[in-house]
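Beneath this line is the structure, given in C-alpha cells, with notes to follow.
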Amino acid sequence: MNAVFTREPYDQSIKDLKGLDQIELSYKFAEDRYLHMRDVVIPAIEAGKHVISDRSYLSNLAYQGDSFLSLEWVWNIQPMNLVTPDVVIFLKCDYHIAARRSGEPDAERLFDIQQRYEDILRTGDNDDNVDIYTIDVSMLTILEVFNDVYAIIEEAIKKCEQ
C-alpha cells in the first residue's frame, strides 16, 4: 500500500496545553492543522500517496463546536489549505464504556462529544463527497475493530485507484 499514516493533532504536545480558553485552543488546533496539511498531507498527495489519518477537522468541530463556540465559527477558522477526507470512519462507543476505557472522569462530556460527531455526520456539516462509515466498537475486540477498519480502508483505496 502506497500510503502515509499520520494523526492529528500533528504536534502531540498541543494536547497538553493548559490555561488556554476555548477560543485560544481552537486557534492552536487550526494552526496545527495548517502545519499538518503543509508538511505531511499535501506533499504526500502530490507524491501520489494515500493519506490515512487518525482524526481530522471533524474532530475540531465535535470537540470545540459546543454551545459556546458554534460549529460555524470553528469551521470558519480552519486553514485555507485544508484537505478534506474522502472517507471517514467513526468509531462509536457507548460513552460509559469509552469513559472506563480512556480513564475520562466525565462520561457525560464524552456523550456530548459523541452527539456532536453524530450530528455533524448526519446533517452534512462536512464535505458531501465524503464516504462515512460508523463502527460501533462498544463490544468489539481490538482485532475485530482493526479488521473492520482495514477492510474499509482497503476498499476505499481500491475505489480511488480505479
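In the C-alpha cells, chains take letters A, B, ... by order of appearance, with residues numbered from 1 within each chain and ligands from 1 in the order shown.
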
Contact residues around range 68-73 of chain A with only C-alpha atoms at 9 Å, ignoring same-chain residues under 3 positions, as JSON, numbers by chain: {"A": [22, 23, 60, 61, 62, 64, 65, 76, 77, 120, 125]}

Writing out the chosen residues with N, CA and C atoms as a PDB file, in the first residue's frame:
```
ATOM      1  N   GLN A  22     -11.185  28.323  25.387  1.00  0.00           N
ATOM      2  CA  GLN A  22     -11.649  27.565  24.215  1.00  0.00           C
ATOM      3  C   GLN A  22     -11.275  28.236  22.891  1.00  0.00           C
ATOM      4  N   ILE A  23     -11.334  29.555  22.856  1.00  0.00           N
ATOM      5  CA  ILE A  23     -11.007  30.267  21.618  1.00  0.00           C
ATOM      6  C   ILE A  23      -9.521  30.108  21.305  1.00  0.00           C
ATOM      7  N   ASN A  60     -12.268  18.694  15.437  1.00  0.00           N
ATOM      8  CA  ASN A  60     -12.370  20.058  15.967  1.00  0.00           C
ATOM      9  C   ASN A  60     -13.817  20.496  16.057  1.00  0.00           C
ATOM     10  N   LEU A  61     -14.584  20.194  15.037  1.00  0.00           N
ATOM     11  CA  LEU A  61     -15.996  20.576  15.068  1.00  0.00           C
ATOM     12  C   LEU A  61     -16.706  19.926  16.259  1.00  0.00           C
ATOM     13  N   ALA A  62     -16.405  18.668  16.495  1.00  0.00           N
ATOM     14  CA  ALA A  62     -17.077  17.955  17.591  1.00  0.00           C
ATOM     15  C   ALA A  62     -16.574  18.399  18.960  1.00  0.00           C
ATOM     16  N   GLN A  64     -14.765  21.264  19.818  1.00  0.00           N
ATOM     17  CA  GLN A  64     -14.852  22.668  20.146  1.00  0.00           C
ATOM     18  C   GLN A  64     -16.168  23.316  19.740  1.00  0.00           C
ATOM     19  N   GLY A  65     -16.959  22.632  18.932  1.00  0.00           N
ATOM     20  CA  GLY A  65     -18.214  23.216  18.478  1.00  0.00           C
ATOM     21  C   GLY A  65     -19.344  22.972  19.462  1.00  0.00           C
ATOM     22  N   ASN A  76     -15.072  28.074  10.292  1.00  0.00           N
ATOM     23  CA  ASN A  76     -14.509  29.257   9.639  1.00  0.00           C
ATOM     24  C   ASN A  76     -13.054  29.527   9.995  1.00  0.00           C
ATOM     25  N   ILE A  77     -12.542  28.962  11.078  1.00  0.00           N
ATOM     26  CA  ILE A  77     -11.130  29.186  11.408  1.00  0.00           C
ATOM     27  C   ILE A  77     -10.231  28.061  10.888  1.00  0.00           C
ATOM     28  N   ILE A 120     -22.935  16.165  13.229  1.00  0.00           N
ATOM     29  CA  ILE A 120     -22.130  16.644  12.103  1.00  0.00           C
ATOM     30  C   ILE A 120     -22.220  15.655  10.945  1.00  0.00           C
ATOM     31  N   ASP A 125     -22.558  18.611   7.870  1.00  0.00           N
ATOM     32  CA  ASP A 125     -21.677  19.741   8.148  1.00  0.00           C
ATOM     33  C   ASP A 125     -20.238  19.356   7.832  1.00  0.00           C
TER      34      ASP A 125
END
```

Considering only C-alpha atoms, give me a table of residues in range 76-146 of chain A that are at most 12 Å from range 39-42 of chain A, with the closest atom pair and distance in Å for each, as a tab-separated table.
```
residue	atom	partner	partner_atom	distance
A:Asn81	CA	A:Ile42	CA	8.5
A:Leu82	CA	A:Ile42	CA	9.1
A:Val83	CA	A:Ile42	CA	7.7
A:Thr84	CA	A:Val41	CA	10.2
A:Pro85	CA	A:Val41	CA	10.5
```

Selection near Asn2 in chain A, 12 Å with only C-alpha atoms, sequence-local residues under 6 positions removed, as a PyMOL selection string: chain A and resi 44-45+47-52+154+157-158+161

Selected residues, N, CA and C atoms, written as a compact mmCIF listing (two decimals), in the first residue's frame, please.
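part-v2.txt was written with the following content:
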```
# COMPACT_ATOMS: atom_id res chain seq x y z
N ALA A 44 2.30 14.45 0.58
CA ALA A 44 2.00 13.03 0.32
C ALA A 44 1.06 12.87 -0.86
N ILE A 45 0.02 13.68 -0.90
CA ILE A 45 -0.94 13.62 -2.01
C ILE A 45 -0.25 13.98 -3.32
N ALA A 47 2.72 13.49 -4.05
CA ALA A 47 3.61 12.38 -4.40
C ALA A 47 2.82 11.13 -4.81
N GLY A 48 1.49 11.27 -4.89
CA GLY A 48 0.65 10.16 -5.33
C GLY A 48 0.36 9.13 -4.25
N LYS A 49 0.52 9.51 -3.01
CA LYS A 49 0.28 8.58 -1.90
C LYS A 49 -1.11 8.78 -1.30
N HIS A 50 -1.62 7.72 -0.69
CA HIS A 50 -2.85 7.80 0.09
C HIS A 50 -2.47 8.29 1.48
N VAL A 51 -3.32 9.10 2.08
CA VAL A 51 -3.07 9.59 3.43
C VAL A 51 -4.13 8.99 4.35
N ILE A 52 -3.67 8.29 5.37
CA ILE A 52 -4.57 7.70 6.36
C ILE A 52 -4.26 8.39 7.68
N GLU A 154 -9.08 -0.62 2.76
CA GLU A 154 -8.69 -1.38 1.56
C GLU A 154 -9.68 -1.14 0.41
N ILE A 157 -9.23 2.45 -0.97
CA ILE A 157 -8.03 2.58 -1.81
C ILE A 157 -8.28 1.95 -3.18
N LYS A 158 -8.92 0.81 -3.20
CA LYS A 158 -9.26 0.18 -4.50
C LYS A 158 -10.14 1.10 -5.34
N GLU A 161 -8.14 3.94 -6.85
CA GLU A 161 -7.19 3.53 -7.87
C GLU A 161 -7.86 3.07 -9.16
```

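A straight line drawn from CA of Tyr57 in chain A to CA of Val145 in chain A is 22.3 Å long.
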
Taking the DSSP secondary structure from the backbone, can you list the residues of range 38-89 of chain A that are alpha helix (DSSP H), as a CSV table (one decimal) with C-alpha atoms, in the first residue's frame?
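Writing the result to out-v9.csv gives the following:
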```
chain,number,residue,atom,x,y,z
A,42,ILE,CA,-0.3,17.9,0.8
A,43,PRO,CA,3.2,16.6,0.0
A,44,ALA,CA,2.0,13.0,0.3
A,45,ILE,CA,-0.9,13.6,-2.0
A,46,GLU,CA,1.3,15.4,-4.5
A,57,TYR,CA,-11.2,18.7,11.1
A,58,LEU,CA,-14.4,16.9,12.1
A,59,SER,CA,-12.8,16.3,15.5
A,60,ASN,CA,-12.4,20.1,16.0
A,61,LEU,CA,-16.0,20.6,15.1
A,62,ALA,CA,-17.1,18.0,17.6
A,63,TYR,CA,-14.7,18.9,20.4
A,64,GLN,CA,-14.9,22.7,20.1
A,71,LEU,CA,-19.8,24.8,14.6
A,72,GLU,CA,-19.8,27.6,12.0
A,73,TRP,CA,-17.2,29.6,14.0
A,74,VAL,CA,-15.0,26.5,14.4
A,75,TRP,CA,-15.4,25.7,10.6
A,76,ASN,CA,-14.5,29.3,9.6
```

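The protein and nucleic acid residues lying at most 12 Å from Ile153 in chain A are Met1, Ala3, Phe5, His50, Val51, Ile52, Ser53, Asp86, Val87, Val88, Ile89, Asp131, Ile132, Tyr133, Phe146, Asn147, Asp148, Lys158, Lys159 and Cys160 of chain A, with only C-alpha atoms considered and sequence neighbours fewer than 5 positions away removed.
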
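Once Arg101 in chain A and its same-chain neighbours fewer than 6 positions away are set aside, Cys93, Asp94, Tyr95, Ala107, Leu110, Val137, Ser138 and Met139 of chain A remain within 12 Å of it when counting only C-alpha atoms.
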
Write out as number ranges by chain each polymer residue whose atoms come within 10 Å of Asp106 in chain A, counting only C-alpha atoms; drop sequence neighbours fewer than 6 positions from it. A: 95-96, 99-100

Write out the residues from the selection above, keeping C-alpha atoms, as an mmCIF file, in the first residue's frame.
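Contents of result.cif, freshly written:
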```cif
data_model
loop_
_atom_site.group_PDB
_atom_site.id
_atom_site.type_symbol
_atom_site.label_atom_id
_atom_site.label_comp_id
_atom_site.auth_asym_id
_atom_site.auth_seq_id
_atom_site.Cartn_x
_atom_site.Cartn_y
_atom_site.Cartn_z
ATOM 1 C CA TYR A 95 -19.959 6.663 26.394
ATOM 2 C CA HIS A 96 -19.865 4.770 29.707
ATOM 3 C CA ALA A 99 -15.039 6.686 29.767
ATOM 4 C CA ARG A 100 -13.975 3.498 31.522
#
```

Counting only C-alpha atoms, the option among A:Tyr27, A:Leu140, A:Lys92, A:Thr123 closest to Phe111 in chain A: A:Lys92

Using only C-alpha atoms, the residue out of A:Arg116, A:Arg55, A:Arg122, A:Arg109 with shortest distance to Glu8 in chain A is A:Arg55

What residues in chain A get the DSSP label strand (DSSP E or B)? Please answer as a PyMOL selection string. chain A and resi 3-7+50-54+87-92+131-136

Keeping only N, CA and C atoms, write those residues as a short mmCIF file (atom, residue, chain, number, x, y, z; two decimals), in the first residue's frame.
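Ended up saving to again24.cif:
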```cif
data_model
loop_
_atom_site.label_atom_id
_atom_site.label_comp_id
_atom_site.auth_asym_id
_atom_site.auth_seq_id
_atom_site.Cartn_x
_atom_site.Cartn_y
_atom_site.Cartn_z
N ALA A 3 1.03 4.42 1.09
CA ALA A 3 0.28 5.29 1.99
C ALA A 3 1.19 5.94 3.03
N VAL A 4 0.73 7.08 3.52
CA VAL A 4 1.34 7.78 4.64
C VAL A 4 0.34 7.69 5.79
N PHE A 5 0.81 7.26 6.93
CA PHE A 5 -0.03 7.17 8.11
C PHE A 5 0.33 8.34 9.03
N THR A 6 -0.68 9.06 9.47
CA THR A 6 -0.44 10.25 10.28
C THR A 6 -1.58 10.41 11.28
N ARG A 7 -1.52 11.45 12.07
CA ARG A 7 -2.58 11.69 13.06
C ARG A 7 -2.63 13.17 13.41
N HIS A 50 -1.62 7.72 -0.69
CA HIS A 50 -2.85 7.80 0.09
C HIS A 50 -2.47 8.29 1.48
N VAL A 51 -3.32 9.10 2.08
CA VAL A 51 -3.07 9.59 3.43
C VAL A 51 -4.13 8.99 4.35
N ILE A 52 -3.67 8.29 5.37
CA ILE A 52 -4.57 7.70 6.36
C ILE A 52 -4.26 8.39 7.68
N SER A 53 -5.25 9.10 8.19
CA SER A 53 -5.03 9.92 9.37
C SER A 53 -6.01 9.57 10.48
N ASP A 54 -5.48 9.54 11.69
CA ASP A 54 -6.31 9.40 12.88
C ASP A 54 -6.77 10.81 13.23
N VAL A 87 -12.86 9.53 2.95
CA VAL A 87 -13.53 8.52 3.78
C VAL A 87 -13.35 8.91 5.24
N VAL A 88 -14.43 8.80 6.01
CA VAL A 88 -14.37 8.98 7.46
C VAL A 88 -14.91 7.71 8.09
N ILE A 89 -14.13 7.19 9.03
CA ILE A 89 -14.58 6.03 9.80
C ILE A 89 -14.77 6.52 11.23
N PHE A 90 -16.01 6.52 11.66
CA PHE A 90 -16.35 6.98 13.01
C PHE A 90 -16.47 5.76 13.91
N LEU A 91 -15.58 5.68 14.90
CA LEU A 91 -15.63 4.58 15.85
C LEU A 91 -16.50 5.01 17.02
N LYS A 92 -17.69 4.47 17.02
CA LYS A 92 -18.69 4.84 18.04
C LYS A 92 -18.59 3.85 19.20
N ASP A 131 -17.32 9.61 2.04
CA ASP A 131 -17.99 8.36 2.40
C ASP A 131 -17.82 8.17 3.90
N ILE A 132 -18.93 8.00 4.61
CA ILE A 132 -18.90 7.92 6.07
C ILE A 132 -19.31 6.52 6.50
N TYR A 133 -18.48 5.93 7.35
CA TYR A 133 -18.75 4.61 7.92
C TYR A 133 -18.75 4.76 9.43
N THR A 134 -19.68 4.09 10.09
CA THR A 134 -19.73 4.07 11.54
C THR A 134 -19.59 2.63 12.01
N ILE A 135 -18.66 2.43 12.93
CA ILE A 135 -18.47 1.10 13.52
C ILE A 135 -18.71 1.25 15.02
N ASP A 136 -19.67 0.50 15.55
CA ASP A 136 -19.89 0.51 16.99
C ASP A 136 -18.89 -0.46 17.61
#
```

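Checking A:Glu24, A:Gln12, A:Lys18, A:Glu31 one by one against Pro79 in chain A, counting only C-alpha atoms, you find the shortest gap at A:Glu31.
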